[in-house]
file work36.txt (compact mmCIF, C-alpha atoms)
# COMPACT_ATOMS: atom_id res chain seq x y z
CA ALA A 609 67.62 92.55 185.03
CA VAL A 610 71.00 92.27 183.27
CA VAL A 611 71.00 89.12 181.17
CA PRO A 612 74.12 86.99 180.43
CA ALA A 613 74.52 84.89 177.29
CA ALA A 614 71.64 82.45 176.77
CA SER A 615 69.94 80.55 173.97
CA TRP A 616 66.53 82.12 174.55
CA LEU A 617 64.42 84.12 176.98
CA LYS A 618 60.72 83.48 177.47
CA CYS A 619 58.39 85.53 179.70
CA SER A 620 54.82 84.44 180.43
CA GLY A 621 54.55 86.22 183.77
CA THR A 622 55.52 89.74 184.87
CA ILE A 623 58.92 91.44 184.89
CA THR A 624 59.01 94.90 186.48
CA ALA A 625 62.15 96.97 187.05
CA SER A 626 63.11 100.51 188.04
CA SER A 627 65.45 100.76 185.02
CA ALA A 628 65.12 98.06 182.29
CA GLY A 629 62.91 95.01 182.41
CA ILE A 630 65.43 93.02 180.35
CA ARG A 631 68.89 94.38 179.55
CA LEU A 632 71.67 92.95 177.40
CA THR A 633 74.96 94.84 177.46
CA SER A 634 78.64 94.64 176.51
CA GLY A 635 78.33 92.14 173.69
CA ALA A 636 75.80 89.83 175.39
CA THR A 637 73.95 87.52 172.97
CA VAL A 638 70.59 85.75 173.23
CA GLY A 639 69.04 83.56 170.54
CA SER A 640 65.47 84.87 170.88
CA VAL A 641 63.11 86.72 173.23
CA SER A 642 59.43 85.77 173.50
CA ASN A 643 56.86 87.52 175.69
CA SER A 644 53.26 86.59 176.39
CA GLY A 645 53.11 88.36 179.77
CA THR A 646 54.30 91.81 180.85
CA ILE A 647 57.80 93.28 180.60
CA PHE A 648 58.00 96.75 182.15
CA GLY A 649 60.94 99.02 182.87
CA ALA A 650 60.64 102.57 184.10
CA TYR A 651 63.23 103.61 181.48
CA ASN A 652 63.18 100.76 178.95
CA GLY A 653 61.20 97.53 178.68
CA ILE A 654 63.85 95.65 176.68
CA TYR A 655 67.24 97.37 176.34
CA LEU A 656 70.16 96.20 174.19
CA SER A 657 73.35 98.25 174.44
CA ARG A 658 77.06 98.18 173.53
CA SER A 659 77.06 95.66 170.66
CA SER A 660 74.61 93.25 172.24
CA SER A 661 72.31 91.13 170.09
CA VAL A 662 69.23 88.98 169.87
CA THR A 663 70.28 86.85 166.92
CA GLY A 664 66.77 85.61 166.20
CA ALA A 665 63.39 87.21 166.87
CA ILE A 666 61.99 89.47 169.56
CA THR A 667 58.35 88.36 169.64
CA ASN A 668 55.54 89.95 171.64
CA GLU A 669 52.50 87.67 171.56
CA ALA A 670 48.84 88.77 171.46
CA THR A 671 48.60 88.66 175.27
CA GLY A 672 51.96 90.39 175.72
CA THR A 673 52.79 93.92 176.83
CA ILE A 674 56.24 95.52 176.62
CA ALA A 675 56.27 99.00 178.13
CA SER A 676 58.24 101.85 179.66
CA SER A 677 57.15 105.07 181.32
CA SER A 678 60.12 107.45 181.14
CA GLY A 679 59.91 110.30 178.68
CA SER A 680 63.49 109.50 177.60
CA GLY A 681 63.04 105.72 177.26
CA ALA A 682 61.50 103.18 174.92
CA ALA A 683 59.59 99.94 175.23
CA ILE A 684 62.28 98.30 173.06
CA LEU A 685 65.58 100.19 172.74
CA LEU A 686 68.54 99.05 170.63
CA SER A 687 71.52 101.31 171.24
CA SER A 688 75.22 101.55 170.40
CA ASN A 689 75.70 99.01 167.60
CA SER A 690 73.22 96.49 168.99
CA SER A 691 71.02 94.29 166.81
CA ALA A 692 68.02 91.98 166.60
CA GLY A 693 67.16 89.50 163.87
CA SER A 694 63.53 90.63 163.68
CA ILE A 695 60.80 92.17 165.81
CA THR A 696 57.22 90.86 165.68
CA ASN A 697 54.43 92.42 167.71
CA ASN A 698 50.99 90.90 168.07
CA GLY A 699 50.22 92.58 171.40
CA THR A 700 51.04 95.99 172.89
CA ILE A 701 54.35 97.84 172.76
CA SER A 702 54.11 101.22 174.49
CA GLY A 703 57.01 103.50 175.38
CA GLY A 704 57.33 106.70 177.36
CA ARG A 705 59.24 108.21 174.42
CA GLY A 706 59.36 105.53 171.74
CA GLY A 707 57.71 102.21 171.13
CA ILE A 708 60.67 100.70 169.23
CA ARG A 709 63.80 102.84 168.96
CA LEU A 710 67.11 102.16 167.19
CA GLN A 711 70.00 104.56 167.82
CA ALA A 712 73.74 104.98 168.33
CA ASN A 713 75.20 105.98 171.70
CA THR A 714 73.21 107.45 174.56
CA GLY A 715 76.22 108.79 176.45
CA SER A 716 78.33 107.23 179.21
CA PRO A 717 78.69 104.33 179.70
CA THR A 718 77.18 103.32 176.34
CA GLY A 719 78.87 105.91 174.14
CA GLY A 720 81.37 105.54 171.34
CA LEU A 721 79.56 103.05 169.11
CA GLY A 722 77.47 103.39 165.96
CA GLY A 723 73.88 102.88 164.95
CA SER A 724 71.85 99.78 165.72
CA SER A 725 69.99 97.42 163.40
CA VAL A 726 67.19 94.96 162.82
CA THR A 727 68.52 92.53 160.23
CA GLY A 728 65.06 91.29 159.20
CA ASP A 729 61.58 92.83 159.38
CA ILE A 730 59.53 94.67 161.96
CA THR A 731 56.03 93.18 161.71
CA ASN A 732 53.07 94.55 163.65
CA THR A 733 49.53 93.21 164.01
CA GLY A 734 48.96 94.81 167.43
CA THR A 735 49.72 98.31 168.74
CA ILE A 736 53.08 100.10 168.79
CA SER A 737 53.04 103.60 170.32
CA GLY A 738 55.21 106.25 171.94
CA SER A 739 54.79 109.82 173.11
CA SER A 740 57.34 110.80 170.44
CA ALA A 741 57.30 107.98 167.86
CA GLY A 742 55.97 104.48 167.46
CA ILE A 743 59.06 103.29 165.54
CA SER A 744 62.17 105.48 165.27
CA LEU A 745 65.62 105.14 163.71
CA ASP A 746 68.41 107.62 164.31
CA SER A 747 72.18 108.03 163.95
CA GLY A 748 72.83 105.67 161.06
CA SER A 749 70.60 102.86 162.32
CA SER A 750 68.93 100.44 159.94
CA ILE A 751 66.18 97.95 159.28
CA VAL A 752 67.59 95.64 156.63
CA GLY A 753 64.15 94.25 155.86
CA SER A 754 60.79 96.03 155.91
CA ILE A 755 58.16 97.49 158.24
CA ILE A 756 54.90 95.59 157.71
CA ASN A 757 51.83 96.83 159.58
CA SER A 758 48.29 95.51 159.82
CA GLY A 759 47.70 96.88 163.33
CA GLU A 760 48.31 100.40 164.67
CA ILE A 761 51.55 102.40 164.83
CA ALA A 762 51.17 105.78 166.53
CA GLY A 763 53.29 108.65 167.82
CA ASN A 764 52.82 112.29 168.75
CA ASN A 765 55.72 113.58 166.63
CA ALA A 766 55.61 110.81 164.02
CA ALA A 767 54.35 107.26 163.89
CA ILE A 768 57.45 106.14 161.95
CA ASP A 769 60.46 108.47 162.28
CA ILE A 770 63.62 107.80 160.22
CA ARG A 771 66.42 110.34 160.46
CA GLY A 772 70.14 110.99 160.82
CA GLY A 773 71.44 108.88 157.93
CA SER A 774 69.34 105.86 158.84
CA SER A 775 67.84 103.42 156.37
CA ILE A 776 65.18 100.83 155.65
CA GLY A 777 66.49 98.35 153.09
CA GLY A 778 63.05 97.09 152.16
CA SER A 779 59.66 98.81 152.19
CA ILE A 780 57.04 100.29 154.49
CA THR A 781 53.78 98.43 153.88
CA ASN A 782 50.52 99.37 155.59
CA GLU A 783 48.11 96.54 154.90
CA VAL A 784 44.30 96.49 154.79
CA GLY A 785 43.04 97.34 158.28
CA GLY A 786 46.37 98.88 159.25
CA THR A 787 46.62 102.36 160.78
CA ILE A 788 49.66 104.65 160.95
CA ILE A 789 48.92 107.79 162.94
CA GLY A 790 51.11 110.85 163.58
CA ARG A 791 50.31 113.69 165.96
CA THR A 792 48.28 111.66 168.43
CA ALA A 793 48.02 114.65 170.79
CA SER A 794 46.10 117.69 169.60
CA SER A 795 48.27 120.28 171.33
CA SER A 796 51.70 119.43 169.95
CA GLY A 797 53.64 117.30 167.51
CA THR A 798 54.86 117.71 163.95
CA GLY A 799 51.99 115.66 162.62
CA SER A 800 53.73 113.33 160.16
CA ALA A 801 52.64 109.71 160.08
CA ILE A 802 55.85 108.76 158.22
CA TYR A 803 58.77 111.18 158.59
CA VAL A 804 62.06 110.68 156.73
CA SER A 805 64.93 113.15 157.17
CA GLY A 806 68.38 112.70 155.64
CA SER A 807 67.68 108.99 155.31
CA SER A 808 66.60 106.37 152.78
CA ILE A 809 64.04 103.68 152.02
CA GLY A 810 65.36 101.11 149.56
CA GLY A 811 61.94 99.81 148.55
CA SER A 812 58.52 101.46 148.41
CA ILE A 813 55.87 102.95 150.66
CA THR A 814 52.57 101.18 150.00
CA ASN A 815 49.29 101.96 151.78
CA SER A 816 46.20 99.77 151.71
CA GLY A 817 44.86 101.01 155.06
CA THR A 818 44.79 104.40 156.79
CA ILE A 819 47.69 106.85 157.18
CA THR A 820 46.85 109.95 159.22
CA GLY A 821 49.42 112.74 159.26
CA GLY A 822 50.82 112.30 155.76
CA ILE A 823 54.23 111.28 154.44
CA TYR A 824 57.04 113.81 154.76
CA LEU A 825 60.53 113.55 153.21
CA ASN A 826 63.24 116.21 153.58
CA ASN A 827 67.01 116.76 153.70
CA ALA A 828 67.76 114.77 150.54
CA SER A 829 65.86 111.70 151.70
CA THR A 830 65.06 109.04 149.10
CA VAL A 831 62.49 106.35 148.42
CA THR A 832 63.96 104.16 145.70
CA GLY A 833 60.66 102.56 144.77
CA SER A 834 57.20 104.11 144.57
CA ILE A 835 54.77 105.72 146.99
CA THR A 836 51.40 104.07 146.34
CA ASN A 837 47.98 104.66 147.91
CA ASN A 838 45.80 101.76 146.81
CA ALA A 839 42.09 101.96 146.01
CA GLY A 840 40.01 102.22 149.16
CA ALA A 841 42.98 103.36 151.25
CA SER A 842 43.42 106.79 152.84
CA ILE A 843 46.29 109.22 153.37
CA SER A 844 45.40 112.45 155.11
call {"tool": "encode", "arguments": {"input": "work36.txt", "output": "structure tokens"}}
result
Amino acid sequence: AVVPAASWLKCSGTITASSAGIRLTSGATVGSVSNSGTIFGAYNGIYLSRSSSVTGAITNEATGTIASSSGSGAAILLSSNSSAGSITNNGTISGGRGGIRLQANTGSPTGGLGGSSVTGDITNTGTISGSSAGISLDSGSSIVGSIINSGEIAGNNAAIDIRGGSSIGGSITNEVGGTIIGRTASSSGTGSAIYVSGSSIGGSITNSGTITGGIYLNNASTVTGSITNNAGASIS
């Protein structure tokens, strides 16, 4: 469903579509999106493209599911200079390729624009997963705030994948009881729980839970703060 300008969107039932469950395009703006039901799109569950925005929060409640099935899609995809104020997941976000993905253009008709952004935090108490990555940033995309996890973030290639000149302004914090898992399939995958390539984290990486797949930085990537594994926590 292509959505025009609105103050908010709230789903407590079921939205199913052959392309995107909810799509904002060409500068469309919505104040907030809240889901306690099911939003499913074969390619993308929620898709923002071409400078569209959710100025407030995208919130998936404990009973909510946002999902996609295509191997090239994501449960929540922000593309081509699109933005959201924050993303909070207390339920299930599951994508054919990515759980939450921020990127630049994906080709015609969405090409020609830069990376996308979350201007606040991504907070997870539920499950975020994708066959490639749970959360991914590419092509100069950014999270101005932090990633805060007390649930599970999982992906076959990486649970959290930051590359292509992308950035997290704040920190990655895995709280007590939180799990970040890379290489969820035994036959393939690079295996990194947190993968950073040619990109930056302005704060720290702090683990008080379980990180499986390690932390991998390459291509002149930087973490301005510290990498800390607290007592009782595990990185493997």
call {"tool": "closest_residue", "arguments": {"input": "work36.txt", "among": "A:Val804, A:Ala766, A:Gly811, A:Asn698", "to": "A:Val752", "atoms": "all atoms listed in the file"}}
result
A:Gly811
call {"tool": "atom_distance", "arguments": {"input": "work36.txt", "atom1": "atom CA of A:Thr633", "atom2": "atom CA of A:Ile743"}}
result
21.6 Å
call {"tool": "closest_residue", "arguments": {"input": "work36.txt", "among": "A:Ile684, A:Ile788, A:Ala801, A:Val662", "to": "A:Asp769", "atoms": "only C-alpha atoms"}}
result
A:Ala801
call {"tool": "residues_around", "arguments": {"input": "work36.txt", "residues": "stretch 756-762 of chain A", "least_positions_apart": "2", "cutoff": "7 Å", "atoms": "only C-alpha atoms", "output": "PyMOL selection string"}}
result
chain A and resi 730-738+741-742+754+767+780-790+792
call {"tool": "axis_aligned_box", "arguments": {"input": "work36.txt", "around": "stretch 620-627 of chain A", "padding_each_side": "5 Å", "output": "JSON"}}
result
{"center_x": 60.0, "center_y": 92.6, "center_z": 184.2, "size_x": 20.9, "size_y": 26.3, "size_z": 17.6}
call {"tool": "residues_around", "arguments": {"input": "work36.txt", "residues": "stretch 636-646 of chain A", "least_positions_apart": "4", "cutoff": "6 Å", "atoms": "all atoms listed in the file", "output": "VMD selection string"}}
result
chain A and resid 613 to 622 632 660 to 669 671 to 674
call {"tool": "residues_around", "arguments": {"input": "work36.txt", "residues": "A:Asn689", "least_positions_apart": "6", "cutoff": "6 Å", "atoms": "all atoms listed in the file", "output": "list in words"}}
result
Ser659, Leu721, Gly722, Gly723 and Ser724 of chain A
call {"tool": "atom_distance", "arguments": {"input": "work36.txt", "atom1": "atom CA of A:Arg709", "atom2": "atom CA of A:Ser808"}}
result
16.8 Å
call {"tool": "atom_distance", "arguments": {"input": "work36.txt", "atom1": "atom CA of A:Ile823", "atom2": "atom CA of A:Ser739"}}
result
18.7 Å
call {"tool": "closest_residue", "arguments": {"input": "work36.txt", "among": "A:Ala670, A:Ser816, A:Asn765, A:Ile695", "to": "A:Ile708", "atoms": "all atoms listed in the file"}}
result
A:Ile695
call {"tool": "residues_near_point", "arguments": {"input": "work36.txt", "point": "(60.6, 111.1, 160.3)", "cutoff": "12 Å", "atoms": "all atoms listed in the file", "output": "count of residues only"}}
result
42
call {"tool": "residues_near_point", "arguments": {"input": "work36.txt", "point": "(65.2, 98.0, 156.7)", "cutoff": "8 Å", "atoms": "all atoms listed in the file", "output": "MDAnalysis selection string"}}
result
chainID A and resid 726:729 750:755 775:779 809:810
call {"tool": "residues_around", "arguments": {"input": "work36.txt", "residues": "A:Tyr655", "least_positions_apart": "3", "cutoff": "9 Å", "atoms": "all atoms listed in the file", "output": "list in words"}}
result
Ala628, Gly629, Ile630, Arg631, Leu632, Thr633, Asn652, Ala682, Ala683, Ile684, Leu685, Leu686 and Ser687 of chain A
call {"tool": "closest_residue", "arguments": {"input": "work36.txt", "among": "A:Thr820, A:Ser844, A:Thr814, A:Ser634", "to": "A:Arg658", "atoms": "all atoms listed in the file"}}
result
A:Ser634
call {"tool": "closest_residue", "arguments": {"input": "work36.txt", "among": "A:Phe648, A:Gly679, A:Asn713, A:Ser812", "to": "A:Thr624", "atoms": "only C-alpha atoms"}}
result
A:Phe648
call {"tool": "closest_residue", "arguments": {"input": "work36.txt", "among": "A:Thr700, A:Asn838, A:Ser678, A:Ser627", "to": "A:Ile654", "atoms": "only C-alpha atoms"}}
result
A:Ser627
